[in-house]
$ cat protein27.txt   # compact mmCIF, C-alpha atoms
# COMPACT_ATOMS: atom_id res chain seq x y z
CA MET T 115 93.29 122.48 165.73
CA LYS T 116 95.91 121.93 168.41
CA LYS T 117 98.25 119.06 167.68
CA LEU T 118 97.15 116.09 169.74
CA ILE T 119 100.08 113.80 169.05
CA ALA T 120 102.96 114.48 171.39
CA PHE T 121 105.51 112.60 169.31
CA VAL T 122 105.54 110.66 166.07
CA LEU T 123 108.43 108.25 166.25
CA ALA T 124 110.57 106.88 163.46
CA LEU T 125 109.22 104.69 160.71
CA ILE T 126 109.72 101.08 161.74
CA ALA T 127 108.88 99.42 158.44
CA LEU T 128 111.17 96.68 157.21
CA PRO T 129 112.10 96.29 153.52
CA LEU T 130 109.19 95.05 151.43
CA SER T 131 109.57 91.60 149.92
CA ALA T 132 109.96 91.50 146.17
CA HIS T 133 107.03 89.06 146.12
CA ALA T 134 104.64 91.31 148.04
CA GLN T 135 101.83 92.37 145.73
CA VAL T 136 99.11 93.50 148.15
CA GLN T 137 97.33 96.47 146.58
CA VAL T 138 93.84 97.75 145.76
CA ASN T 139 92.85 99.51 142.55
CA VAL T 140 90.62 102.37 143.70
CA THR T 141 89.79 103.67 140.22
CA SER T 142 87.37 100.90 139.28
CA GLY T 143 83.70 100.77 140.24
CA GLN T 144 82.14 97.83 142.06
CA MET T 145 84.77 95.29 143.08
CA ASP T 146 85.46 92.53 145.56
CA PRO T 147 86.93 94.06 148.72
CA MET T 148 90.32 92.84 149.98
CA PRO T 149 90.19 90.40 152.92
CA VAL T 150 92.20 91.90 155.78
CA ALA T 151 92.74 90.58 159.30
CA ILE T 152 92.96 93.21 162.05
CA THR T 153 93.93 91.70 165.38
CA GLU T 154 93.50 93.15 168.84
CA PHE T 155 96.69 94.91 169.83
CA TYR T 156 98.83 93.29 172.49
CA SER T 157 99.13 95.16 175.78
CA ALA T 158 100.69 94.51 179.14
CA ALA T 159 99.95 98.08 180.25
CA GLY T 160 97.12 97.43 182.67
CA ALA T 161 93.37 97.93 182.30
CA ALA T 162 93.55 101.27 180.48
CA GLY T 163 96.09 100.00 177.98
CA GLN T 164 94.15 96.79 177.43
CA ASP T 165 90.95 98.73 176.73
CA MET T 166 92.82 100.82 174.17
CA ALA T 167 94.40 97.71 172.63
CA ARG T 168 90.93 96.26 172.16
CA GLU T 169 89.11 99.40 170.92
CA MET T 170 91.68 100.86 168.52
CA PRO T 171 91.52 97.90 166.08
CA ARG T 172 87.73 98.26 166.03
CA ILE T 173 88.05 101.87 164.88
CA ILE T 174 90.57 100.82 162.22
CA GLN T 175 88.30 98.00 161.10
CA ASN T 176 85.28 100.29 160.83
CA ASN T 177 87.24 102.92 158.89
CA LEU T 178 88.55 100.44 156.32
CA GLU T 179 85.25 98.60 155.99
CA ARG T 180 83.32 101.80 155.26
CA THR T 181 85.47 102.46 152.18
CA GLY T 182 84.05 99.39 150.47
CA LEU T 183 87.62 98.44 149.46
CA PHE T 184 88.38 96.18 152.42
CA LYS T 185 86.66 93.19 154.01
CA PRO T 186 87.78 92.84 157.65
CA LEU T 187 87.69 89.17 158.64
CA ASN T 188 85.78 87.94 161.68
CA PRO T 189 88.18 87.79 164.66
CA THR T 190 86.64 84.48 165.74
CA SER T 191 88.39 82.91 162.74
CA PHE T 192 91.85 84.02 163.88
CA ILE T 193 94.19 81.17 164.87
CA GLN T 194 97.18 83.09 166.22
CA SER T 195 96.72 85.29 169.30
CA PRO T 196 98.01 88.89 169.73
CA GLN T 197 100.34 87.72 172.51
CA SER T 198 101.77 85.01 170.28
CA ILE T 199 102.40 87.54 167.50
CA ALA T 200 104.14 89.92 169.93
CA THR T 201 106.38 87.22 171.42
CA GLU T 202 106.92 84.76 168.56
CA GLY T 203 106.28 86.73 165.37
CA VAL T 204 103.69 86.26 162.65
CA ARG T 205 102.91 82.69 161.57
CA PHE T 206 101.91 83.54 158.01
CA ALA T 207 100.59 80.07 157.15
CA GLU T 208 97.85 80.42 159.78
CA TRP T 209 96.71 83.73 158.25
CA ARG T 210 96.78 82.32 154.72
CA ALA T 211 94.56 79.50 155.97
CA ILE T 212 91.75 82.00 156.66
CA ASN T 213 92.33 83.81 153.31
CA ALA T 214 93.76 87.01 154.82
CA GLN T 215 95.70 88.96 152.20
CA ALA T 216 96.83 91.66 154.62
CA LEU T 217 97.33 91.56 158.38
CA VAL T 218 97.34 94.43 160.90
CA THR T 219 98.98 93.89 164.30
CA GLY T 220 100.01 96.21 167.10
CA THR T 221 101.12 96.75 170.68
CA VAL T 222 100.23 99.28 173.37
CA THR T 223 102.60 100.19 176.21
CA THR T 224 102.55 102.88 178.89
CA SER T 225 105.61 104.90 179.85
CA PRO T 226 106.39 105.99 183.46
CA ASP T 227 105.26 109.57 182.71
CA GLY T 228 101.76 108.31 181.80
CA ARG T 229 102.05 108.65 178.06
CA THR T 230 101.09 105.79 175.78
CA ARG T 231 103.15 104.28 172.97
CA VAL T 232 101.16 102.64 170.17
CA GLU T 233 102.99 100.59 167.56
CA PHE T 234 101.38 98.99 164.52
CA ARG T 235 102.56 96.86 161.62
CA LEU T 236 100.95 96.04 158.29
CA TRP T 237 101.88 92.67 156.79
CA ASP T 238 101.60 91.17 153.32
CA VAL T 239 100.46 87.65 154.24
CA TYR T 240 101.30 85.92 150.97
CA GLY T 241 104.54 87.86 150.48
CA GLN T 242 105.43 87.16 154.15
CA ALA T 243 106.78 90.67 154.55
CA GLN T 244 106.10 93.81 156.55
CA MET T 245 104.63 96.54 154.35
CA SER T 246 104.55 99.37 156.85
CA GLY T 247 104.96 100.15 160.52
CA MET T 248 104.82 103.19 162.73
CA ALA T 249 105.05 104.02 166.42
CA TYR T 250 103.26 106.93 168.11
CA THR T 251 103.61 108.34 171.62
CA THR T 252 100.74 110.42 172.91
CA THR T 253 98.45 111.01 175.86
CA PRO T 254 95.95 108.19 176.51
CA GLN T 255 92.87 110.29 175.67
CA ASN T 256 93.99 110.64 172.07
CA TRP T 257 93.77 106.94 171.26
CA ARG T 258 90.88 107.42 168.83
CA ARG T 259 92.84 109.87 166.71
CA ILE T 260 95.83 107.49 166.66
CA ALA T 261 93.47 104.82 165.28
CA HIS T 262 92.46 107.19 162.46
CA ILE T 263 96.12 108.01 161.67
CA ILE T 264 96.93 104.29 161.51
CA SER T 265 93.92 103.78 159.22
CA ASP T 266 95.25 106.49 156.92
CA GLU T 267 98.66 104.82 156.75
CA ILE T 268 97.13 101.42 155.91
CA TYR T 269 94.88 102.94 153.27
CA LYS T 270 97.77 104.81 151.66
CA ARG T 271 100.12 101.83 151.67
CA ILE T 272 97.59 99.50 150.01
CA THR T 273 95.76 101.88 147.64
CA GLY T 274 98.57 104.30 146.82
CA GLU T 275 96.33 107.28 147.71
CA ASN T 276 96.26 109.41 150.85
CA GLY T 277 93.73 108.46 153.48
CA TYR T 278 90.93 110.64 154.84
CA PHE T 279 90.13 109.15 158.26
CA ASP T 280 91.92 111.70 160.45
CA THR T 281 89.44 114.40 159.43
CA ARG T 282 86.30 116.11 160.62
CA ILE T 283 82.99 117.17 159.14
CA VAL T 284 81.19 120.38 160.05
CA TYR T 285 77.50 120.60 159.21
CA ILE T 286 74.16 122.16 160.09
CA ALA T 287 72.26 120.22 162.76
CA GLU T 288 68.52 120.66 162.27
CA SER T 289 65.60 120.10 164.62
CA GLY T 290 62.03 121.26 165.18
CA PRO T 291 59.01 121.68 162.92
CA ALA T 292 59.41 122.77 159.30
CA THR T 293 57.83 126.16 160.02
CA SER T 294 60.34 127.04 162.78
CA ARG T 295 63.42 124.96 162.09
CA SER T 296 66.36 125.31 164.51
CA LYS T 297 69.74 125.17 162.76
CA ARG T 298 72.97 124.85 164.73
CA LEU T 299 76.57 124.59 163.65
CA ALA T 300 77.96 121.17 164.64
CA ILE T 301 81.23 119.31 164.15
CA MET T 302 82.27 115.65 164.44
CA ASP T 303 84.96 113.21 163.35
CA GLN T 304 84.39 111.75 159.89
CA ASP T 305 82.96 108.59 161.50
CA GLY T 306 80.45 110.53 163.63
CA ALA T 307 82.40 110.34 166.91
CA ASN T 308 83.35 113.32 169.13
CA HIS T 309 80.21 115.18 168.09
CA HIS T 310 79.57 118.61 169.57
CA TYR T 311 77.74 121.85 168.76
CA LEU T 312 79.50 125.12 167.98
CA THR T 313 76.46 127.42 168.14
CA ASP T 314 73.49 127.38 170.49
CA GLY T 315 70.60 127.54 168.00
CA SER T 316 69.52 131.05 168.97
CA TYR T 317 70.09 132.22 165.40
CA LEU T 318 69.91 130.59 161.98
CA VAL T 319 73.21 129.35 160.50
CA LEU T 320 73.94 128.06 157.00
CA THR T 321 76.64 126.65 154.69
CA PRO T 322 79.79 126.20 156.80
CA ARG T 323 83.15 125.91 154.99
CA PHE T 324 86.60 124.86 156.25
CA SER T 325 89.74 126.86 155.69
CA PRO T 326 92.75 125.04 154.17
CA ASN T 327 94.54 125.00 157.53
CA ASN T 328 91.59 123.22 159.19
CA GLN T 329 91.39 125.60 162.16
CA VAL T 330 88.90 128.18 160.89
CA ILE T 331 85.36 127.79 159.60
CA THR T 332 83.41 130.38 157.70
CA TYR T 333 79.62 130.28 157.85
CA MET T 334 76.62 132.47 157.24
CA ALA T 335 74.10 133.48 159.89
CA TYR T 336 71.03 135.66 159.84
CA TYR T 337 71.58 138.50 162.28
CA LYS T 338 68.49 140.69 162.71
CA ARG T 339 67.15 139.00 159.56
CA LYS T 340 70.17 140.05 157.53
CA PRO T 341 72.90 137.71 156.25
CA ARG T 342 76.15 138.06 158.12
CA VAL T 343 79.33 136.03 157.56
CA TYR T 344 81.41 134.81 160.51
CA LEU T 345 84.84 133.31 160.93
CA TYR T 346 84.95 130.70 163.70
CA ASP T 347 88.25 129.51 165.24
CA ILE T 348 87.76 125.87 166.26
CA ASP T 349 90.67 125.84 168.72
CA THR T 350 89.64 128.90 170.71
CA GLY T 351 85.89 129.12 170.00
CA ARG T 352 86.43 132.76 169.04
CA GLN T 353 84.07 134.19 166.43
CA GLU T 354 84.80 137.15 164.21
CA VAL T 355 82.43 139.00 161.91
CA LEU T 356 83.70 139.06 158.34
CA GLY T 357 80.92 141.38 157.25
CA ASP T 358 77.24 141.94 156.49
CA PHE T 359 76.33 140.92 152.96
CA PRO T 360 72.76 141.71 151.85
CA GLY T 361 71.47 139.28 149.25
CA MET T 362 74.00 136.56 150.05
CA THR T 363 72.61 133.00 150.12
CA PHE T 364 75.82 130.93 150.55
CA ALA T 365 78.79 131.44 152.83
CA PRO T 366 82.12 132.25 151.17
CA ARG T 367 84.71 129.61 150.32
CA PHE T 368 88.39 130.01 151.13
CA SER T 369 91.12 130.32 148.54
CA PRO T 370 93.62 127.42 148.57
CA ASP T 371 96.20 129.52 150.45
CA GLY T 372 93.62 130.67 153.01
CA GLY T 373 94.37 134.33 152.39
CA LYS T 374 91.13 135.17 150.59
CA VAL T 375 87.50 134.15 150.42
CA ILE T 376 85.32 134.06 147.35
CA MET T 377 81.59 134.75 147.44
CA SER T 378 78.54 135.92 145.57
CA MET T 379 76.98 139.24 146.61
CA ALA T 380 73.96 141.12 145.36
CA GLN T 381 74.35 144.84 144.78
CA ASN T 382 71.61 146.95 143.21
CA GLY T 383 69.61 143.79 142.63
CA ASN T 384 72.38 142.03 140.71
CA SER T 385 74.36 139.04 142.00
CA ASP T 386 78.04 138.75 141.02
CA ILE T 387 81.22 136.98 142.15
CA TYR T 388 83.66 138.78 144.44
CA THR T 389 86.86 137.91 146.26
CA MET T 390 87.91 139.45 149.56
CA ASP T 391 91.40 139.64 151.01
CA LEU T 392 91.15 138.60 154.66
CA ARG T 393 93.84 141.06 155.73
CA SER T 394 92.55 144.20 154.06
CA ARG T 395 88.87 143.14 153.95
CA GLN T 396 88.69 144.77 150.54
CA PRO T 397 86.36 143.06 148.02
CA ARG T 398 87.21 142.71 144.34
CA ARG T 399 84.54 142.10 141.73
CA LEU T 400 85.17 139.29 139.22
CA THR T 401 81.92 139.13 137.21
CA ASP T 402 79.79 142.02 136.03
CA ASN T 403 76.60 141.29 134.11
CA SER T 404 72.83 141.25 134.57
CA ALA T 405 72.71 137.49 135.25
CA ILE T 406 72.77 135.75 138.63
CA ASP T 407 76.32 134.53 139.23
CA THR T 408 76.78 132.53 142.43
CA SER T 409 78.33 129.51 144.22
CA PRO T 410 82.01 130.09 143.32
CA SER T 411 84.67 127.49 144.15
CA TYR T 412 88.44 127.70 143.63
CA ALA T 413 90.49 125.05 141.85
CA PRO T 414 93.09 123.58 144.25
CA ASP T 415 95.92 125.45 142.52
CA GLY T 416 94.02 128.75 142.87
CA ARG T 417 94.27 129.53 139.14
CA GLN T 418 90.63 128.93 138.18
CA ILE T 419 87.16 129.32 139.64
CA ALA T 420 84.01 127.33 138.98
CA PHE T 421 80.63 129.01 139.48
CA GLU T 422 77.00 128.83 138.43
CA SER T 423 75.16 131.38 136.32
CA ASP T 424 71.88 131.78 134.45
CA ARG T 425 73.43 134.15 131.89
CA GLY T 426 72.56 131.67 129.11
CA GLY T 427 68.90 131.50 130.10
CA THR T 428 69.14 128.49 132.45
CA GLN T 429 71.19 127.65 135.54
CA GLN T 430 74.51 126.21 134.27
CA LEU T 431 78.14 125.74 135.31
CA TYR T 432 80.97 128.01 134.21
CA THR T 433 84.69 128.40 134.84
CA MET T 434 86.94 131.46 134.73
CA ASN T 435 90.48 132.41 135.57
CA ALA T 436 91.15 133.65 139.10
CA ASP T 437 91.22 137.25 137.86
CA GLY T 438 87.77 136.92 136.26
CA SER T 439 88.98 136.48 132.67
CA ASN T 440 88.13 133.69 130.22
CA GLN T 441 84.59 132.99 131.48
CA GLN T 442 83.15 129.97 129.70
CA ARG T 443 80.27 127.55 130.10
CA ILE T 444 81.11 123.87 130.79
CA SER T 445 77.71 122.16 131.40
CA PHE T 446 75.51 121.33 128.42
CA GLY T 447 73.32 118.40 129.54
CA ASP T 448 69.60 118.44 130.15
CA GLY T 449 68.41 120.16 133.32
CA ARG T 450 69.76 122.82 135.65
CA TYR T 451 73.20 122.68 137.24
CA GLY T 452 74.42 124.34 140.43
CA ASN T 453 76.70 124.32 143.48
CA PRO T 454 79.99 123.38 141.75
CA VAL T 455 82.80 122.24 144.06
CA TRP T 456 86.29 121.61 142.73
CA SER T 457 87.96 118.35 143.78
CA PRO T 458 91.12 118.69 145.93
CA ARG T 459 92.92 116.73 143.20
CA GLY T 460 91.82 119.21 140.54
CA ASP T 461 90.58 116.52 138.15
CA LEU T 462 86.82 116.81 138.72
CA ILE T 463 84.09 119.26 139.67
CA ALA T 464 81.16 117.97 141.73
CA PHE T 465 77.76 119.58 141.24
CA THR T 466 74.05 119.39 141.95
CA LYS T 467 71.67 118.83 139.04
CA LEU T 468 67.88 119.09 138.72
CA ALA T 469 66.43 117.19 135.76
CA GLY T 470 63.17 115.37 135.18
CA GLY T 471 61.84 116.32 138.60
CA LYS T 472 64.78 114.71 140.43
CA PHE T 473 67.91 116.01 142.10
CA TYR T 474 71.30 114.44 141.38
CA ILE T 475 74.87 114.72 142.62
CA GLY T 476 77.30 114.37 139.74
CA VAL T 477 80.88 114.98 138.68
CA MET T 478 82.48 116.22 135.46
CA ARG T 479 85.94 117.20 134.30
CA PRO T 480 86.82 120.92 134.40
CA ASP T 481 86.32 121.14 130.63
CA GLY T 482 82.74 119.82 131.05
CA LYS T 483 83.45 116.39 129.59
CA GLY T 484 82.90 113.03 131.28
CA GLU T 485 79.72 113.96 133.19
CA ARG T 486 78.59 111.18 135.56
CA LEU T 487 75.59 111.25 137.89
CA ILE T 488 76.44 109.23 141.00
CA THR T 489 73.41 109.53 143.30
CA THR T 490 69.83 110.80 143.19
CA ALA T 491 66.90 111.50 145.52
CA TRP T 492 63.82 113.67 145.89
CA HIS T 493 66.22 116.34 147.19
CA VAL T 494 69.99 115.82 147.34
CA GLU T 495 72.39 118.72 147.66
CA GLY T 496 75.56 120.20 149.18
CA PRO T 497 78.44 118.03 147.87
CA SER T 498 81.77 118.34 149.67
CA TRP T 499 84.95 116.39 148.89
CA SER T 500 87.10 114.28 151.20
CA PRO T 501 90.65 115.70 151.24
CA ASN T 502 91.93 112.93 148.95
CA GLY T 503 89.22 113.56 146.33
CA ARG T 504 87.95 109.98 146.52
CA VAL T 505 84.69 110.38 148.47
CA LEU T 506 81.86 112.94 148.56
CA THR T 507 79.64 113.88 151.47
CA TYR T 508 76.24 115.56 150.95
CA PHE T 509 72.72 115.59 152.38
CA LYS T 510 69.42 114.08 151.33
CA GLU T 511 65.92 115.17 152.25
CA GLN T 512 63.32 112.41 152.17
CA ASN T 513 60.02 112.10 154.03
CA GLY T 514 60.66 115.35 155.85
CA LYS T 515 64.06 114.23 157.19
CA ALA T 516 67.48 115.54 156.20
CA LYS T 517 70.42 113.15 156.62
CA LEU T 518 74.12 113.19 155.76
CA TYR T 519 75.65 110.63 153.40
CA THR T 520 78.94 109.69 151.80
CA ILE T 521 79.57 107.98 148.47
CA ASP T 522 82.61 106.96 146.43
CA LEU T 523 83.10 109.09 143.33
CA THR T 524 82.49 105.97 141.21
CA GLY T 525 78.88 106.00 142.48
CA TYR T 526 79.21 102.95 144.74
CA ASN T 527 79.22 102.45 148.50
CA GLU T 528 76.67 105.07 149.58
CA ARG T 529 76.41 105.23 153.38
CA GLN T 530 74.55 107.36 155.88
CA LEU T 531 76.60 109.28 158.45
CA PRO T 532 75.34 108.99 162.04
CA THR T 533 74.17 112.29 163.55
CA PRO T 534 72.06 112.94 166.69
CA GLN T 535 69.58 115.07 164.69
CA ASP T 536 68.83 115.84 161.08
CA GLY T 537 71.76 117.30 159.17
CA SER T 538 72.46 119.38 156.08
CA ASP T 539 75.22 121.40 154.36
CA PRO T 540 78.20 119.18 155.31
CA ALA T 541 81.77 120.37 154.74
CA TRP T 542 84.75 117.99 154.93
CA SER T 543 87.94 119.22 156.59
CA PRO T 544 91.49 118.77 155.38
CA VAL T 545 93.50 116.09 157.19
CA ASN T 546 94.08 117.21 160.77
CA PRO T 547 97.44 118.93 161.37
$ encode --input "protein27.txt" --output "structure tokens"
Amino acid sequence: MKKLIAFVLALIALPLSAHAQVQVNVTSGQMDPMPVAITEFYSAAGAAGQDMAREMPRIIQNNLERTGLFKPLNPTSFIQSPQSIATEGVRFAEWRAINAQALVTGTVTTSPDGRTRVEFRLWDVYGQAQMSGMAYTTTPQNWRRIAHIISDEIYKRITGENGYFDTRIVYIAESGPATSRSKRLAIMDQDGANHHYLTDGSYLVLTPRFSPNNQVITYMAYYKRKPRVYLYDIDTGRQEVLGDFPGMTFAPRFSPDGGKVIMSMAQNGNSDIYTMDLRSRQPRRLTDNSAIDTSPSYAPDGRQIAFESDRGGTQQLYTMNADGSNQQRISFGDGRYGNPVWSPRGDLIAFTKLAGGKFYIGVMRPDGKGERLITTAWHVEGPSWSPNGRVLTYFKEQNGKAKLYTIDLTGYNERQLPTPQDGSDPAWSPVNP
């Protein structure tokens, strides 16, 4: 992805007061969200700047509210105006009066060359101190991305974890009757904005995956009824054939360094795990047995691989070293397990489970302990992690419709993602470069 921000200016945060204690514990389950006031930004930059000053806080508010950790206060309750804040400073007593624990303010100005400078500040209301502040100079059309970057900074400063708002989701857009379903590759911002299609629907596409550098997607398509894997450059729209892989049912996943892909391939009727160096295009076999080994996923440090196999008689989860050694089973609960996906933080593996006639999305530690089932439906599948390892996206099929969802890894705050059509097989990008 081409860098959209022309300049990121110096940090403008002031020292944090010793009394400032604004923070959110993101490791607990259901909790009372933090009340936060997000004002319109002040602008004397004309109509365009004023529109941006009004719309950017709405994006920030929506981002924070969707996490379930923040409760944006109704702007009609605000006593102090954006102009007053910009000219006189924050009157903390008026924000305490409406129970705001944190306050977000900002300004928008336009330079003579047409670029826009956006400045924001995050305040601890009860500590009466600035917690964070940044200024960004960019072209006016990039205001939405600036709002996501500001949201990330607020989230990180209050929770202590990296944000995930300046990201995208690629998925399969579905339409048409069940007997002749059209499936197109589509991409959008994590909040559903800037949606567009990457393929035209003339051929069937499945299971897109992002590369670590966020510019390349791998996906599988059926070309002349045979599975073929493509690499798609998002910046240029250029597609490249990685290869034809008979018997493949899932697209490859990238290694953490982006130099290899890992996949399952069937040869002579037997499905095993292979890696392929993207420079040499030479595959290397990692498993070799009569079972069906599939759905491999690298750990974020690249040292281990999770995969599914029926070598024990039922579909279960396994791990192995990156060279194929030390293969061991990690799932031992009731039902069948599949589609393991390692968290970007390395602490958990997400999976799909079928038990008692229901599908589940769950998580467990890499040693198989601590299994938790966090959502269920008639058919729920395709988990993919946010880049901070806090949220999962996936799809549900109910009443003949497939829709995308997100949920916190604690199992709370499940929300549907807006898409123009049905959607499946979502993949969450890294944070935009």
$ residues_around --input "protein27.txt" --residues "T:Pro149" --least-positions-apart "5" --cutoff "12 Å" --atoms "all atoms listed in the file" --output "ChimeraX atom specification"
/T:136-138,175,178-179,182-188,209-210,212-218,238-239
$ axis_aligned_box --input "protein27.txt" --around "stretch 452-462 of chain T" --padding-each-side "6 Å" --output "AutoDock Vina command-line options"
--center_x 83.7 --center_y 120.4 --center_z 142.0 --size_x 30.5 --size_y 19.8 --size_z 19.8
$ residues_around --input "protein27.txt" --residues "T:Phe368" --least-positions-apart "2" --cutoff "9 Å" --atoms "all atoms listed in the file" --output "list in words"
Arg323, Phe324, Ser325, Pro326, Thr332, Pro366, Pro370, Asp371, Gly372, Gly373, Lys374, Val375, Ile376, Ser411 and Tyr412 of chain T
$ residues_near_point --input "protein27.txt" --point "(73.4, 110.0, 141.5)" --cutoff "9 Å" --atoms "only C-alpha atoms" --output "list in words"
Phe473, Tyr474, Ile475, Gly476, Arg486, Leu487, Ile488, Thr489, Thr490, Ala491, Val494 and Gly525 of chain T
$ residues_around --input "protein27.txt" --residues "T:Met390" --least-positions-apart "2" --cutoff "12 Å" --atoms "all atoms listed in the file" --output "PyMOL selection string"
chain T and resi 356-357+366-369+372-379+387-388+392-400
$ atom_distance --input "protein27.txt" --atom1 "atom CA of T:Arg235" --atom2 "atom CA of T:Arg205"
14.2 Å
$ closest_residue --input "protein27.txt" --among "T:Ala436, T:Leu345, T:Ala405, T:Leu506" --to "T:Ile419" --atoms "only C-alpha atoms"
T:Ala436
$ residues_near_point --input "protein27.txt" --point "(92.1, 122.1, 157.3)" --cutoff "9 Å" --atoms "all atoms listed in the file" --output "list in words"
Met115, Thr281, Arg282, Phe324, Ser325, Pro326, Asn327, Asn328, Gln329, Val330, Pro501, Trp542, Ser543, Pro544, Val545, Asn546 and Pro547 of chain T
$ atom_distance --input "protein27.txt" --atom1 "atom CA of T:Glu154" --atom2 "atom CA of T:Asn276"
24.4 Å
$ closest_residue --input "protein27.txt" --among "T:Thr219, T:Thr524, T:Asn177, T:Thr389" --to "T:Gln197" --atoms "all atoms listed in the file"
T:Thr219
$ closest_residue --input "protein27.txt" --among "T:Ala200, T:Ile406, T:Met248, T:Ile463" --to "T:Ser157" --atoms "all atoms listed in the file"
T:Ala200
$ closest_residue --input "protein27.txt" --among "T:Phe155, T:Tyr337, T:Phe279, T:Tyr285" --to "T:Glu233" --atoms "all atoms listed in the file"
T:Phe155
$ closest_residue --input "protein27.txt" --among "T:Pro322, T:Pro254, T:Gly163, T:Pro226" --to "T:Tyr344" --atoms "all atoms listed in the file"
T:Pro322
$ residues_around --input "protein27.txt" --residues "T:Tyr317" --least-positions-apart "4" --cutoff "8 Å" --atoms "only C-alpha atoms" --output "PyMOL selection string"
chain T and resi 296-298+335-337
$ atom_distance --input "protein27.txt" --atom1 "atom CA of T:Gly496" --atom2 "atom CA of T:His309"
20.1 Å
$ closest_residue --input "protein27.txt" --among "T:Ala243, T:Val355, T:Ala516, T:Leu523" --to "T:Ala292" --atoms "only C-alpha atoms"
T:Ala516
$ residues_around --input "protein27.txt" --residues "T:Ser538" --least-positions-apart "6" --cutoff "7 Å" --atoms "all atoms listed in the file" --output "number ranges by chain"
T: 285-287, 509, 516-518
$ decode --input "protein27.txt" --residues "stretch 252-264 of chain T" --atoms "N, CA and C atoms" --output "PDB file, in the first residue's frame"
ATOM      1  N   THR T 252      -1.158  16.060   5.698  1.00  0.00           N
ATOM      2  CA  THR T 252      -1.465  15.132   4.615  1.00  0.00           C
ATOM      3  C   THR T 252      -2.350  15.831   3.591  1.00  0.00           C
ATOM      4  N   THR T 253      -2.689  15.125   2.539  1.00  0.00           N
ATOM      5  CA  THR T 253      -3.621  15.660   1.557  1.00  0.00           C
ATOM      6  C   THR T 253      -5.046  15.503   2.079  1.00  0.00           C
ATOM      7  N   PRO T 254      -5.954  16.397   1.731  1.00  0.00           N
ATOM      8  CA  PRO T 254      -7.292  16.393   2.332  1.00  0.00           C
ATOM      9  C   PRO T 254      -8.057  15.080   2.139  1.00  0.00           C
ATOM     10  N   GLN T 255      -7.827  14.365   1.044  1.00  0.00           N
ATOM     11  CA  GLN T 255      -8.610  13.150   0.797  1.00  0.00           C
ATOM     12  C   GLN T 255      -8.260  12.011   1.741  1.00  0.00           C
ATOM     13  N   ASN T 256      -7.212  12.164   2.506  1.00  0.00           N
ATOM     14  CA  ASN T 256      -6.805  11.094   3.412  1.00  0.00           C
ATOM     15  C   ASN T 256      -7.293  11.290   4.841  1.00  0.00           C
ATOM     16  N   TRP T 257      -8.293  12.140   5.018  1.00  0.00           N
ATOM     17  CA  TRP T 257      -8.752  12.460   6.365  1.00  0.00           C
ATOM     18  C   TRP T 257      -9.263  11.227   7.111  1.00  0.00           C
ATOM     19  N   ARG T 258      -9.897  10.298   6.397  1.00  0.00           N
ATOM     20  CA  ARG T 258     -10.445   9.119   7.076  1.00  0.00           C
ATOM     21  C   ARG T 258      -9.314   8.268   7.661  1.00  0.00           C
ATOM     22  N   ARG T 259      -8.229   8.122   6.921  1.00  0.00           N
ATOM     23  CA  ARG T 259      -7.130   7.335   7.461  1.00  0.00           C
ATOM     24  C   ARG T 259      -6.500   8.036   8.665  1.00  0.00           C
ATOM     25  N   ILE T 260      -6.386   9.356   8.637  1.00  0.00           N
ATOM     26  CA  ILE T 260      -5.873  10.084   9.788  1.00  0.00           C
ATOM     27  C   ILE T 260      -6.733   9.801  11.016  1.00  0.00           C
ATOM     28  N   ALA T 261      -8.055   9.739  10.831  1.00  0.00           N
ATOM     29  CA  ALA T 261      -8.953   9.442  11.948  1.00  0.00           C
ATOM     30  C   ALA T 261      -8.665   8.059  12.525  1.00  0.00           C
ATOM     31  N   HIS T 262      -8.365   7.087  11.663  1.00  0.00           N
ATOM     32  CA  HIS T 262      -8.021   5.744  12.156  1.00  0.00           C
ATOM     33  C   HIS T 262      -6.694   5.760  12.911  1.00  0.00           C
ATOM     34  N   ILE T 263      -5.702   6.516  12.413  1.00  0.00           N
ATOM     35  CA  ILE T 263      -4.405   6.588  13.082  1.00  0.00           C
ATOM     36  C   ILE T 263      -4.554   7.239  14.463  1.00  0.00           C
ATOM     37  N   ILE T 264      -5.364   8.281  14.542  1.00  0.00           N
ATOM     38  CA  ILE T 264      -5.630   8.916  15.838  1.00  0.00           C
ATOM     39  C   ILE T 264      -6.324   7.925  16.775  1.00  0.00           C
TER      40      ILE T 264
END
